[in-house]
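Structure data follow from start.tsv (TSV, C-alpha atoms):
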```tsv
chain	number	residue	atom	x	y	z
I	161	GLY	CA	81.15	25.20	-90.04
I	162	ASP	CA	84.29	23.23	-90.74
I	163	SER	CA	85.59	23.30	-94.29
I	164	VAL	CA	88.52	22.21	-96.43
I	165	THR	CA	89.80	24.08	-99.47
I	166	GLN	CA	92.24	22.41	-101.77
I	167	MET	CA	93.97	23.31	-104.95
I	168	GLU	CA	91.84	23.16	-108.07
I	169	GLY	CA	92.88	20.65	-110.63
I	170	PRO	CA	93.58	19.05	-112.86
I	171	VAL	CA	97.33	18.93	-112.33
I	172	THR	CA	99.52	17.44	-115.04
I	173	LEU	CA	103.18	16.66	-114.39
I	174	SER	CA	105.99	14.77	-116.03
I	175	GLU	CA	107.49	11.75	-114.30
I	176	GLU	CA	110.06	12.68	-111.61
I	177	ALA	CA	108.65	16.19	-111.20
I	178	PHE	CA	108.01	17.71	-107.77
I	179	LEU	CA	104.41	17.70	-106.58
I	180	THR	CA	102.61	20.10	-104.27
I	181	ILE	CA	98.86	20.05	-103.71
I	182	ASN	CA	97.74	22.84	-101.41
I	183	CYS	CA	95.17	22.30	-98.70
I	184	THR	CA	93.89	24.75	-96.12
I	185	TYR	CA	91.17	24.24	-93.55
I	186	THR	CA	88.76	26.05	-91.29
I	187	ALA	CA	87.83	24.40	-88.01
I	188	THR	CA	86.62	25.50	-84.60
I	189	GLY	CA	88.73	23.05	-82.62
I	190	TYR	CA	91.82	20.95	-83.17
I	191	PRO	CA	91.05	18.58	-86.00
I	192	SER	CA	92.91	15.59	-87.30
I	193	LEU	CA	93.96	16.00	-90.93
I	194	PHE	CA	94.07	13.43	-93.70
I	195	TRP	CA	94.98	12.89	-97.32
I	196	TYR	CA	93.04	10.24	-99.21
I	197	VAL	CA	93.82	8.96	-102.70
I	198	GLN	CA	91.39	7.49	-105.22
I	199	TYR	CA	92.93	5.49	-108.04
I	200	PRO	CA	90.84	4.99	-111.18
I	201	GLY	CA	87.95	2.61	-110.57
I	202	GLU	CA	88.70	2.20	-106.88
I	203	GLY	CA	87.49	3.53	-103.54
I	204	LEU	CA	89.26	6.12	-101.41
I	205	GLN	CA	92.34	4.94	-99.56
I	206	LEU	CA	93.96	6.69	-96.63
I	207	LEU	CA	97.33	7.99	-97.80
I	208	LEU	CA	98.55	9.73	-94.65
I	209	LYS	CA	97.35	11.58	-91.60
I	210	ALA	CA	98.41	13.92	-88.81
I	211	THR	CA	96.60	14.36	-85.53
I	212	LYS	CA	98.22	17.43	-83.97
I	213	ALA	CA	100.10	20.57	-84.85
I	214	ASP	CA	103.59	20.09	-86.34
I	215	ASP	CA	102.99	16.38	-86.93
I	216	LYS	CA	104.24	15.14	-90.28
I	217	GLY	CA	102.39	12.34	-92.02
I	218	SER	CA	104.24	10.33	-94.63
I	219	ASN	CA	103.61	7.32	-96.84
I	220	LYS	CA	104.83	6.07	-100.25
I	221	GLY	CA	107.10	9.10	-100.62
I	222	PHE	CA	104.29	11.57	-99.93
I	223	GLU	CA	104.49	13.97	-96.99
I	224	ALA	CA	102.29	16.58	-95.37
I	225	THR	CA	102.89	18.69	-92.25
I	226	TYR	CA	100.11	19.94	-89.98
I	227	ARG	CA	100.64	23.72	-89.80
I	228	LYS	CA	98.33	25.25	-87.23
I	229	GLU	CA	99.60	28.79	-87.75
I	230	THR	CA	98.67	28.75	-91.44
I	231	THR	CA	95.83	26.18	-91.08
I	232	SER	CA	97.40	24.16	-93.86
I	233	PHE	CA	98.24	20.56	-94.70
I	234	HIS	CA	99.91	20.67	-98.11
I	235	LEU	CA	100.74	17.38	-99.82
I	236	GLU	CA	104.22	17.01	-101.35
I	237	LYS	CA	106.23	14.40	-103.17
I	238	GLY	CA	109.74	14.89	-104.45
I	239	SER	CA	109.51	12.72	-107.56
I	240	VAL	CA	106.18	11.56	-108.92
I	241	GLN	CA	105.60	8.40	-110.92
I	242	VAL	CA	103.03	7.51	-113.55
I	243	SER	CA	101.42	5.21	-110.96
I	244	ASP	CA	100.68	8.25	-108.76
I	245	SER	CA	98.02	9.39	-111.23
I	246	ALA	CA	94.84	9.59	-109.16
I	247	VAL	CA	92.47	11.98	-107.42
I	248	TYR	CA	93.72	13.30	-104.08
I	249	PHE	CA	91.37	14.45	-101.32
I	250	CYS	CA	92.28	16.50	-98.28
I	251	ALA	CA	90.01	15.97	-95.27
I	252	LEU	CA	89.62	16.83	-91.61
I	253	ARG	CA	87.91	15.25	-88.65
I	254	GLU	CA	87.00	17.43	-85.71
I	255	THR	CA	87.92	16.31	-82.22
I	256	GLY	CA	85.14	14.16	-80.82
I	257	SER	CA	83.49	13.63	-84.20
I	258	GLU	CA	83.31	10.62	-86.47
I	259	LYS	CA	82.55	12.76	-89.53
I	260	LEU	CA	85.10	13.51	-92.21
I	261	VAL	CA	84.92	16.85	-94.03
I	262	PHE	CA	86.46	16.66	-97.50
I	263	GLY	CA	87.87	19.06	-100.02
I	264	LYS	CA	86.71	18.81	-103.63
I	265	GLY	CA	89.62	16.66	-104.75
I	266	THR	CA	92.54	17.32	-107.10
I	267	LYS	CA	93.08	15.13	-110.13
I	268	LEU	CA	96.75	14.41	-110.80
I	269	THR	CA	97.98	13.01	-114.10
I	270	VAL	CA	101.63	12.02	-114.43
I	271	ASN	CA	102.96	11.54	-117.94
I	272	PRO	CA	105.96	9.34	-118.79
U	29	ASN	CA	89.81	-9.96	-96.03
U	30	ALA	CA	87.56	-8.38	-98.62
U	31	GLY	CA	87.24	-4.63	-98.56
U	32	VAL	CA	84.06	-2.63	-98.26
U	33	MET	CA	81.70	-3.88	-100.95
U	34	GLN	CA	79.15	-1.63	-102.55
U	35	ASN	CA	76.58	-2.64	-105.12
U	36	PRO	CA	75.53	-1.92	-107.64
U	37	ARG	CA	78.47	0.06	-109.01
U	38	HIS	CA	76.19	1.89	-111.42
U	39	LEU	CA	72.47	2.45	-111.05
U	40	VAL	CA	70.11	4.20	-113.45
U	41	ARG	CA	66.67	5.23	-112.27
U	42	ARG	CA	63.89	7.23	-113.82
U	43	ARG	CA	62.51	10.21	-111.95
U	44	GLY	CA	60.04	9.07	-109.30
U	45	GLN	CA	61.50	5.58	-108.88
U	46	GLU	CA	63.24	4.26	-105.78
U	47	ALA	CA	66.97	3.66	-105.51
U	48	ARG	CA	68.50	1.16	-103.08
U	49	LEU	CA	72.23	1.22	-102.52
U	50	ARG	CA	73.91	-1.57	-100.60
U	51	CYS	CA	77.06	-1.59	-98.53
U	52	SER	CA	78.70	-4.60	-96.91
U	53	PRO	CA	81.31	-3.47	-94.39
U	54	MET	CA	84.63	-5.15	-93.88
U	55	LYS	CA	84.61	-8.20	-91.66
U	56	GLY	CA	84.61	-7.21	-88.01
U	57	HIS	CA	83.54	-3.64	-88.71
U	58	SER	CA	80.49	-2.41	-86.87
U	59	HIS	CA	80.41	1.23	-87.98
U	60	VAL	CA	79.13	2.36	-91.37
U	61	TYR	CA	79.17	5.81	-92.92
U	62	TRP	CA	77.55	7.10	-96.10
U	63	TYR	CA	78.91	10.03	-98.10
U	64	ARG	CA	77.64	11.67	-101.28
U	65	GLN	CA	79.73	13.28	-103.97
U	66	LEU	CA	77.86	15.63	-106.27
U	67	PRO	CA	79.49	16.61	-109.58
U	68	GLU	CA	82.40	19.01	-109.05
U	69	GLU	CA	82.03	18.74	-105.27
U	70	GLY	CA	83.87	16.97	-102.49
U	71	LEU	CA	82.38	14.11	-100.51
U	72	LYS	CA	79.69	15.23	-98.08
U	73	PHE	CA	78.83	13.28	-94.95
U	74	MET	CA	75.29	11.91	-94.87
U	75	VAL	CA	74.85	9.43	-92.03
U	76	TYR	CA	76.74	7.32	-89.47
U	77	LEU	CA	75.28	4.03	-88.30
U	78	GLN	CA	76.19	1.26	-85.95
U	79	LYS	CA	74.42	-2.08	-85.96
U	80	GLU	CA	70.66	-1.37	-85.75
U	81	ASN	CA	71.26	2.26	-84.67
U	82	ILE	CA	71.52	5.58	-86.45
U	83	ILE	CA	74.14	7.56	-84.54
U	84	ASP	CA	74.35	10.75	-86.62
U	85	GLU	CA	72.11	11.63	-89.56
U	86	SER	CA	72.86	15.33	-89.62
U	87	GLY	CA	73.87	15.20	-93.31
U	88	MET	CA	70.79	13.39	-94.56
U	89	PRO	CA	68.20	15.33	-96.55
U	90	LYS	CA	65.03	15.61	-94.50
U	91	GLU	CA	62.81	13.92	-97.05
U	92	ARG	CA	63.01	10.85	-99.29
U	93	PHE	CA	66.34	9.57	-97.88
U	94	SER	CA	66.70	6.85	-95.28
U	95	ALA	CA	69.43	4.49	-94.11
U	96	GLU	CA	69.58	1.33	-92.10
U	97	PHE	CA	72.19	-1.11	-90.87
U	98	PRO	CA	70.36	-4.22	-89.68
U	99	LYS	CA	71.75	-6.82	-87.34
U	100	GLU	CA	72.17	-9.16	-90.29
U	101	GLY	CA	72.95	-8.11	-93.83
U	102	PRO	CA	74.32	-5.01	-95.52
U	103	SER	CA	73.63	-1.39	-94.81
U	104	ILE	CA	71.06	0.09	-97.18
U	105	LEU	CA	70.75	3.69	-98.34
U	106	ARG	CA	67.29	4.20	-99.75
U	107	ILE	CA	66.19	7.13	-101.88
U	108	GLN	CA	62.51	7.37	-102.65
U	109	GLN	CA	61.01	9.22	-105.61
U	110	VAL	CA	64.39	10.12	-107.05
U	111	VAL	CA	64.94	13.45	-108.80
U	112	ARG	CA	67.67	14.56	-111.22
U	113	GLY	CA	69.48	16.33	-108.39
U	114	ASP	CA	70.06	12.98	-106.65
U	115	SER	CA	72.47	11.97	-109.43
U	116	ALA	CA	75.80	11.54	-107.67
U	117	ALA	CA	78.38	9.05	-106.48
U	118	TYR	CA	77.49	7.53	-103.12
U	119	PHE	CA	80.35	6.18	-101.04
U	120	CYS	CA	80.14	3.89	-98.06
U	121	ALA	CA	82.88	3.52	-95.47
U	122	SER	CA	83.24	1.19	-92.51
U	123	SER	CA	85.40	1.15	-89.42
U	124	PRO	CA	86.05	-1.26	-86.56
U	125	PRO	CA	84.58	-0.87	-83.08
U	126	GLY	CA	85.99	1.92	-80.97
U	127	GLN	CA	86.14	5.66	-81.28
U	128	PHE	CA	87.74	7.48	-84.19
U	129	THR	CA	89.19	4.40	-85.82
U	130	GLU	CA	90.26	4.50	-89.46
U	131	ALA	CA	87.48	4.35	-92.01
U	132	PHE	CA	87.86	2.18	-95.12
U	133	PHE	CA	85.94	3.21	-98.23
U	134	GLY	CA	84.12	1.23	-100.88
U	135	GLN	CA	84.31	1.93	-104.59
U	136	GLY	CA	81.05	3.82	-104.61
U	137	THR	CA	77.74	3.57	-106.42
U	138	ARG	CA	77.16	6.02	-109.23
U	139	LEU	CA	73.48	6.89	-109.40
U	140	THR	CA	72.11	8.48	-112.55
U	141	VAL	CA	68.54	9.73	-112.61
U	142	VAL	CA	67.08	10.15	-116.08
```
Written as structure tokens, how would this file's structure read?
Amino acid sequence: GDSVTQMEGPVTLSEEAFLTINCTYTATGYPSLFWYVQYPGEGLQLLLKATKADDKGSNKGFEATYRKETTSFHLEKGSVQVSDSAVYFCALRETGSEKLVFGKGTKLTVNP
Amino acid sequence: NAGVMQNPRHLVRRRGQEARLRCSPMKGHSHVYWYRQLPEEGLKFMVYLQKENIIDESGMPKERFSAEFPKEGPSILRIQQVVRGDSAAYFCASSPPGQFTEAFFGQGTRLTVV
């Protein structure tokens, strides 16, 4: 079945450091790909998405590119802030399905 | 416009009791989804409902779990005769009418079975 594998955490960075959180997927078709973020005490929020190969999703300085050849959707940010501390979830949704398939989540802590 | 509201936020039940988790979707949303997050795991799909209909329950355990989304009122996830293994965070999401629209998540209910 479909699955998402993302980088184990926790990840601890200093403010203004470069962030990469790796995400790879297994799917039978052509899924849409998502990154969700969960800030402490809150629900999951959609951070960005990409619906086809080579699409780049971006939001709040975060970016991820849908790479079909490597089945990857790595999350990057050039300069993290303390306010980016959260848990990040990579997810996919198969074509024709309403279900989201999530990775296990990566906890990011950014220190001043 | 209030977000997806789940209550309670924390629920403690003894083994064998029933747990009822409530989810009020965002205004205008007619689709509700339930996901479960076990410790050290990602969120796992449980069930997808539209008003008064279960559309996809392929992720629901075969026994003790049920879900409903009545015409009036919140969606309810019901777990009968809870066991320790049911301890998890349960997340509800809702989306507007139409196919493959964006889902908005609630803050979750953390169930602890003692």
*Which of these, U:Val141, U:Pro102, U:Gly126, U:Arg92, has the shortest distance to chain I once you count only C-alpha atoms?*
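Residue with the minimum atom-to-atom distance to chain I: U:Gly126.
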*Find, counting all atoms listed in the file, the residue in I:Cys250, I:Ser239, I:Leu208, I:Lys259 that gets nearest to His59 of chain U.*
I:Lys259
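With all atoms listed in the file as the atoms that count, the residue of I:Gln205, I:Ser232, I:Thr180, I:Ser218 with the shortest distance to chain U is I:Gln205.
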Report the closest atom pair, with its distance in Å rounded to one decimal, for each residue of chain I that has an atom no farther than 6 Å from chain U; count only C-alpha atoms, sort by chain and then rising residue number, and write it as JSON lines.
```
{"residue": "I:Glu202", "atom": "CA", "partner": "U:Gln135", "partner_atom": "CA", "distance": 5.0}
{"residue": "I:Gly203", "atom": "CA", "partner": "U:Gln135", "partner_atom": "CA", "distance": 3.7}
{"residue": "I:Leu204", "atom": "CA", "partner": "U:Phe133", "partner_atom": "CA", "distance": 5.4}
{"residue": "I:Glu258", "atom": "CA", "partner": "U:Phe128", "partner_atom": "CA", "distance": 5.9}
{"residue": "I:Phe262", "atom": "CA", "partner": "U:Gly70", "partner_atom": "CA", "distance": 5.6}
{"residue": "I:Gly263", "atom": "CA", "partner": "U:Gly70", "partner_atom": "CA", "distance": 5.1}
{"residue": "I:Lys264", "atom": "CA", "partner": "U:Gly70", "partner_atom": "CA", "distance": 3.6}
```
*Quick one: distance from atom CA of Tyr185 of chain I to atom CA of Asn219 of chain I in Å, one decimal?*
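Computing the Euclidean distance for atom CA of Tyr185 of chain I and atom CA of Asn219 of chain I yields 21.3 Å.
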*Is there a way to get, as number ranges by chain, all residues within 10 Å of the point (69.6, -0.4, -96.6) in file coordinates, counting all atoms listed in the file?*
U: 48-51, 94-98, 101-107
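Coordinates place atom CA of Leu139 of chain U at a distance of 9.2 Å from atom CA of Pro36 of chain U.
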*Just give me the gap between atom CA of Leu207 of chain I and atom CA of Leu193 of chain I in Å, one decimal is fine.*
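Computing it gives 11.1 Å between the two atoms.
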_Minimum-distance residue to Leu252 of chain I, chosen among I:Ala177, I:Ala210, I:Val171, I:Val240 (using only C-alpha atoms)_ = I:Ala210
